[in-house]
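Below is one structure; the comments refer to it alone.
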Amino acid sequence: MPRAAAPALVFVNGTVILPDRLVRGAFVECVGGRIRRIGRGRPPRSATVVDAGGGHVSPGFVDLHVHGGDGADFMDGTVAAVRTACRAHARHGTTTIFPTTTTGTEARIAAMIAACGAVRREGPAVAGARIAGVHLYGPYFAPDKVGCHPVAGRRDPDPAEYRRHFATGLVRIATCAAELPGAIAFYRAARRHRCLVTCGHSNATWTEMARAFRAGMRHVDHFWCAMSSVASLRQRHGTPMQASMEQFVLAEPGMSTEVIADGCHLSPELLTFAWRQLGARRLCLVTDANRALDQPPGRYRFGCDEDGEWIESDGRVGFVPGGGGALASSVVGLDTMVRTMRAATGAPLAEVVRMASLTPAERAGIARDTGSLAPGKRADVLVLDRRLRVRRVFVGGVEVRG
Ligand SMILES: [Zn+2]
Ligand SMILES: [Zn+2]
């Protein structure tokens with residue numbers, strides 16, 4: 001496929017954010033849409049200069065879990081909606097995106113995957129975050145953990161259905177609640193298709209998680225949200241009390257998870273706990289954003305615009321109308337998550353950015369191509385100001401403009 005012209009670029013006058021440290025006084029040179037080198041001294045004269053103005057040169061962010069933005073939900077299932085959401089998230093620093101399904105009929109999910117495939121084939125012409133694959137998230141949720149998703153669109157894993165989704169070659173992340181009948185066969189099939197296999201919207205016990213782990217499950221969706229706890233398992237199984245998804249993730253070094261660090265879903269203490277216990281290599285930042293991102297406060301459909309559940313946005317977070325404070329995904333971008341995580345935890349900036357870039361790229365199996373500023377990787381580069389606000393965004397060396 002012909003690429004849009006990616007000029008030779010050199011990023012100067014910014015602190016360069018590497019996965020393990022910050023480097024001052026360096027430049028990042030990109031040629032043909034790829035990073036050529038991170039150098040010191042005089043930058044090459046032949047390249048177009050991008051002046052970071054004393055701020056930061058950061059790797060582009062990678063979002064594993066995101067439903068939409070700027071009025072569009074990926075489940076709208078149209079090329080226009082997918083383009084709109086990819087552009088919206090690029091404005092917030094996301095250069096690689098995994099559009100995420102909600103619950104819904106097989107036809108709706110198939111339409112969403114097809115629309116994402118069409119936009120992916122358009123390549124750089126979309127001028128937004130690049131689609132690395134689809135996150136098949138709904139519909140295989142536990143009946144008691146559906147959250148704000150349409151209940152009618154929930155079901156147990158159906159091999160005939162998910163085989164058709166996997167056969168598209170577009171699904172790269174696959175979620176299923178571990179306690180559902182057929183979950184293990186689903187995990188094995190997802191593993192064969194080289195997906196990041198995850199358990200979410202689940203009330204699973206440690207034993208069910210251990211069985212899932214043996215079948216290839218390695219990640220849990222939005223930690224502490226719509227997942228089991230010791231208390232929820234006591235309700236399910238009585239005493240003796242049982243270890244939950246939370247204990248399994250913390251105790252098993254092969255597991256990773258993600259947090260919605262918008263400051264509304266989780267307190268600063270929980271964000272700090274997650275970072276301290278799991279470290280930046282096992283914890284990802286995700287937006288889990290819905291269509292209300294970059295839209296005024298009001299009512300929106302979560303999922304497809306025809307029959308998704310109504311949710312409300314106050315401009316800071318989504319919530320269930322009349323739901324007693326139940327939240328319904330976020331309405332902000334990964335740039336906000338990075339700033340909130342940094343303020344909440346005091347973690348080194350390199351580690352905070354790693355959680356929004358290299359760690360999700362590693363977990364999704366795309367770290368050879370993107371996720372950090374390293375020679376040979378795609379020129380997915382951000383200019384952030386001193387306060388970590390996004391100033392300029394480059395996807396494969398091509399600037400994304402508002
Ligand atoms: Zn969810
Ligand atoms: Zn979600």
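Each chain of the structure tokens is named A, B, ... in the order shown, its residues numbered from 1; ligands are numbered from 1 in display order.
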> Hey, which residues come within 10 Å of ligand 2 if we count only C-alpha atoms and all ligand atoms? Could you give them as number ranges by chain?
Replying inline: A: 64-68, 100-102, 135, 137-138, 147-149, 200-201, 221-222, 225-226, 260, 286-290, 302-303, 328-330
I need the residues from that last selection saved to file as a compact mmCIF listing (two decimals), in the first residue's frame (with N, CA, C and O atoms), if you can.
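The resulting file, part20.txt, is shown below:
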# COMPACT_ATOMS: atom_id res chain seq x y z
N LEU A 64 -5.26 -0.16 24.54
CA LEU A 64 -5.76 -1.52 24.37
C LEU A 64 -7.27 -1.63 24.52
O LEU A 64 -7.85 -2.66 24.17
N HIS A 65 -7.90 -0.59 25.09
CA HIS A 65 -9.30 -0.73 25.50
C HIS A 65 -10.00 0.62 25.33
O HIS A 65 -9.84 1.52 26.15
N VAL A 66 -10.77 0.74 24.25
CA VAL A 66 -11.35 2.04 23.91
C VAL A 66 -12.57 1.83 23.01
O VAL A 66 -12.51 1.10 22.03
N HIS A 67 -13.65 2.50 23.35
CA HIS A 67 -14.92 2.27 22.64
C HIS A 67 -15.26 3.35 21.61
O HIS A 67 -16.00 3.09 20.67
N GLY A 68 -14.74 4.56 21.81
CA GLY A 68 -15.08 5.60 20.85
C GLY A 68 -14.66 6.98 21.32
O GLY A 68 -13.93 7.12 22.30
N THR A 100 -12.65 -1.45 20.45
CA THR A 100 -13.12 -2.45 21.41
C THR A 100 -14.63 -2.65 21.27
O THR A 100 -15.39 -1.67 21.30
N THR A 101 -15.04 -3.92 21.15
CA THR A 101 -16.47 -4.20 20.99
C THR A 101 -17.18 -4.10 22.33
O THR A 101 -16.58 -4.27 23.39
N THR A 102 -18.47 -3.84 22.28
CA THR A 102 -19.33 -3.99 23.47
C THR A 102 -20.11 -5.29 23.27
O THR A 102 -19.88 -6.03 22.32
N HIS A 135 -10.18 -5.33 19.58
CA HIS A 135 -10.33 -5.99 20.87
C HIS A 135 -11.75 -6.56 20.94
O HIS A 135 -12.71 -5.80 21.06
N TYR A 137 -14.23 -7.75 22.95
CA TYR A 137 -14.39 -7.53 24.39
C TYR A 137 -15.75 -8.07 24.83
O TYR A 137 -15.83 -9.07 25.52
N GLY A 138 -16.86 -7.38 24.46
CA GLY A 138 -18.16 -8.02 24.55
C GLY A 138 -18.25 -9.01 23.42
O GLY A 138 -17.54 -8.84 22.43
N GLY A 147 -22.16 -4.78 33.81
CA GLY A 147 -21.88 -3.35 33.91
C GLY A 147 -22.83 -2.52 33.06
O GLY A 147 -24.04 -2.80 33.02
N CYS A 148 -22.29 -1.53 32.35
CA CYS A 148 -23.16 -0.62 31.59
C CYS A 148 -23.45 -1.14 30.18
O CYS A 148 -24.08 -0.46 29.38
N HIS A 149 -22.98 -2.36 29.87
CA HIS A 149 -23.21 -2.89 28.51
C HIS A 149 -24.65 -3.38 28.34
O HIS A 149 -25.27 -3.80 29.32
N GLY A 200 -12.39 -10.51 31.70
CA GLY A 200 -12.99 -9.28 32.18
C GLY A 200 -14.49 -9.44 32.37
O GLY A 200 -15.08 -10.42 31.90
N HIS A 201 -15.10 -8.45 33.03
CA HIS A 201 -16.53 -8.52 33.37
C HIS A 201 -16.83 -9.91 33.92
O HIS A 201 -17.67 -10.63 33.39
N ASP A 221 -9.07 -7.07 32.33
CA ASP A 221 -9.55 -5.74 31.91
C ASP A 221 -9.84 -4.86 33.12
O ASP A 221 -10.26 -5.33 34.16
N HIS A 222 -9.68 -3.57 32.94
CA HIS A 222 -9.91 -2.51 33.96
C HIS A 222 -9.98 -3.03 35.39
O HIS A 222 -11.04 -3.28 35.93
N CYS A 225 -12.70 -2.87 38.31
CA CYS A 225 -14.02 -2.54 37.75
C CYS A 225 -14.61 -3.80 37.12
O CYS A 225 -13.95 -4.45 36.30
N ALA A 226 -15.84 -4.14 37.46
CA ALA A 226 -16.55 -5.29 36.90
C ALA A 226 -15.72 -6.57 36.99
O ALA A 226 -15.66 -7.37 36.07
N ILE A 260 -8.07 2.45 34.57
CA ILE A 260 -8.68 3.65 34.00
C ILE A 260 -8.27 4.79 34.93
O ILE A 260 -8.91 5.03 35.95
N VAL A 286 -5.26 2.58 30.16
CA VAL A 286 -6.21 2.55 29.05
C VAL A 286 -7.21 3.68 29.24
O VAL A 286 -7.36 4.20 30.35
N THR A 287 -7.89 4.05 28.16
CA THR A 287 -8.94 5.07 28.35
C THR A 287 -10.28 4.43 28.66
O THR A 287 -11.04 4.94 29.45
N ASP A 288 -10.61 3.30 28.00
CA ASP A 288 -11.98 2.77 28.08
C ASP A 288 -12.97 3.89 27.73
O ASP A 288 -14.08 3.94 28.26
N ALA A 289 -12.55 4.79 26.84
CA ALA A 289 -13.38 5.97 26.56
C ALA A 289 -14.58 5.62 25.69
O ALA A 289 -14.51 4.74 24.83
N ASN A 290 -15.66 6.33 25.91
CA ASN A 290 -16.85 6.17 25.08
C ASN A 290 -17.01 7.39 24.16
O ASN A 290 -16.15 8.26 24.12
N PHE A 302 -24.04 4.15 24.88
CA PHE A 302 -22.83 3.36 25.01
C PHE A 302 -22.97 2.14 24.10
O PHE A 302 -23.92 1.37 24.24
N GLY A 303 -22.06 1.99 23.12
CA GLY A 303 -22.24 0.96 22.11
C GLY A 303 -22.90 1.57 20.89
O GLY A 303 -22.85 2.78 20.66
N ALA A 328 -19.79 4.47 33.92
CA ALA A 328 -20.01 3.86 32.61
C ALA A 328 -18.92 4.31 31.65
O ALA A 328 -19.18 5.01 30.68
N SER A 329 -17.70 3.93 31.96
CA SER A 329 -16.51 4.18 31.14
C SER A 329 -16.13 5.66 31.14
O SER A 329 -16.84 6.51 31.68
N SER A 330 -14.99 5.95 30.52
CA SER A 330 -14.42 7.29 30.66
C SER A 330 -14.76 8.19 29.48
O SER A 330 -15.26 7.73 28.44
> If you run DSSP on the backbone, which residues of range 175-373 of chain A are strand (DSSP E or B), as a ChimeraX atom specification?
Replying inline: /A:175,196-199,202,205,219-220,227,244,256-260,283-286,289,298-302,309-313,317-319,327-330
>> To one decimal place in Å, what is the distance between CA of Ala129 in chain A and CA of Thr78 in chain A?
In response: 16.5 Å
Which residues are close to Ser313 in chain A, i.e. within 8 Å by only C-alpha atoms, leaving aside same-chain residues fewer than 6 positions away? Reply as an mmCIF file with C-alpha atoms, in the first residue's frame.
data_model
loop_
_atom_site.group_PDB
_atom_site.id
_atom_site.type_symbol
_atom_site.label_atom_id
_atom_site.label_comp_id
_atom_site.auth_asym_id
_atom_site.auth_seq_id
_atom_site.Cartn_x
_atom_site.Cartn_y
_atom_site.Cartn_z
ATOM 1 C CA ALA A 292 -18.690 11.358 24.856
ATOM 2 C CA PRO A 296 -20.338 18.353 25.823
ATOM 3 C CA PRO A 297 -21.972 16.917 28.968
ATOM 4 C CA GLY A 298 -25.213 15.101 28.159
ATOM 5 C CA ARG A 299 -26.799 11.748 27.324
ATOM 6 C CA TYR A 300 -25.092 9.333 24.968
ATOM 7 C CA PHE A 319 -22.159 7.184 34.512
ATOM 8 C CA VAL A 331 -14.735 10.423 28.549
#
If we count only C-alpha atoms and set the cut-off at 9 Å, which residues sit around Ala212 in chain A, ignoring sequence neighbours fewer than 4 positions away in its own chain? Please answer as an mmCIF file with N, CA, C and O atoms, in the first residue's frame.
data_model
loop_
_atom_site.group_PDB
_atom_site.id
_atom_site.type_symbol
_atom_site.label_atom_id
_atom_site.label_comp_id
_atom_site.auth_asym_id
_atom_site.auth_seq_id
_atom_site.Cartn_x
_atom_site.Cartn_y
_atom_site.Cartn_z
ATOM 1 N N ALA A 178 -13.890 -15.888 32.827
ATOM 2 C CA ALA A 178 -13.291 -17.222 32.964
ATOM 3 C C ALA A 178 -14.259 -18.286 33.448
ATOM 4 O O ALA A 178 -14.045 -19.473 33.223
ATOM 5 N N GLU A 179 -15.349 -17.870 34.137
ATOM 6 C CA GLU A 179 -16.240 -18.865 34.725
ATOM 7 C C GLU A 179 -17.318 -19.351 33.756
ATOM 8 O O GLU A 179 -18.099 -20.248 34.092
ATOM 9 N N ALA A 183 -15.387 -21.178 28.205
ATOM 10 C CA ALA A 183 -14.337 -20.149 28.278
ATOM 11 C C ALA A 183 -12.970 -20.718 27.897
ATOM 12 O O ALA A 183 -12.196 -20.072 27.186
ATOM 13 N N ILE A 184 -12.684 -21.914 28.356
ATOM 14 C CA ILE A 184 -11.341 -22.470 28.115
ATOM 15 C C ILE A 184 -11.118 -22.701 26.621
ATOM 16 O O ILE A 184 -10.057 -22.377 26.073
ATOM 17 N N TYR A 187 -10.392 -19.353 25.090
ATOM 18 C CA TYR A 187 -9.022 -18.876 25.355
ATOM 19 C C TYR A 187 -8.033 -19.605 24.435
ATOM 20 O O TYR A 187 -7.116 -18.981 23.891
ATOM 21 N N CYS A 199 -9.326 -11.736 30.694
ATOM 22 C CA CYS A 199 -10.539 -12.064 31.436
ATOM 23 C C CYS A 199 -11.112 -10.759 31.968
ATOM 24 O O CYS A 199 -10.395 -9.974 32.596
ATOM 25 N N THR A 207 -9.294 -20.317 41.424
ATOM 26 C CA THR A 207 -9.209 -21.609 40.745
ATOM 27 C C THR A 207 -9.582 -21.476 39.268
ATOM 28 O O THR A 207 -8.909 -22.032 38.391
ATOM 29 N N GLU A 208 -10.639 -20.712 38.996
ATOM 30 C CA GLU A 208 -11.041 -20.502 37.593
ATOM 31 C C GLU A 208 -9.978 -19.696 36.843
ATOM 32 O O GLU A 208 -9.710 -19.949 35.656
ATOM 33 N N GLY A 216 -3.939 -19.964 28.482
ATOM 34 C CA GLY A 216 -3.358 -18.844 27.738
ATOM 35 C C GLY A 216 -3.807 -17.461 28.162
ATOM 36 O O GLY A 216 -3.328 -16.463 27.620
ATOM 37 N N MET A 217 -4.743 -17.354 29.124
ATOM 38 C CA MET A 217 -5.206 -16.042 29.585
ATOM 39 C C MET A 217 -4.066 -15.335 30.329
ATOM 40 O O MET A 217 -3.421 -15.955 31.178
ATOM 41 N N ARG A 218 -3.813 -14.061 29.997
ATOM 42 C CA ARG A 218 -2.663 -13.370 30.572
ATOM 43 C C ARG A 218 -2.962 -11.941 31.058
ATOM 44 O O ARG A 218 -2.042 -11.236 31.479
#
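Pairwise distance (CA of Pro19 in chain A, CA of Val259 in chain A) equals 18.8 Å.
Taking only C-alpha atoms into account, Gly14 in chain A lies nearest to A:Val383 out of the set A:His265, A:Met227, A:Val383, A:Arg83.
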>> Report as a PyMOL selection string all protein, DNA and RNA residues lying within 7 Å of Thr105 in chain A, evaluated on only C-alpha atoms, omitting residues in the same chain fewer than 3 positions from it.
In response: chain A and resi 108-109+153
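Coordinates place CA of Arg211 in chain A at a distance of 25.4 Å from CA of Ala361 in chain A.
For the set A:Pro59, A:Pro150, A:Gly324, A:Gly396, the residue with the smallest atom-to-atom gap to ligand 1 is A:Pro150, counting only C-alpha atoms and all ligand atoms.
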> If we count only C-alpha atoms, what is near Ala251 in chain A at a cut-off of 12 Å, once residues fewer than 5 positions away on the same chain are taken out, given as a count of residues only?
Replying inline: 11
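Closest to ligand 1 among A:Val12, A:Ala177, A:Ile97, A:Ala167 is A:Ala177, based on only C-alpha atoms and all ligand atoms.
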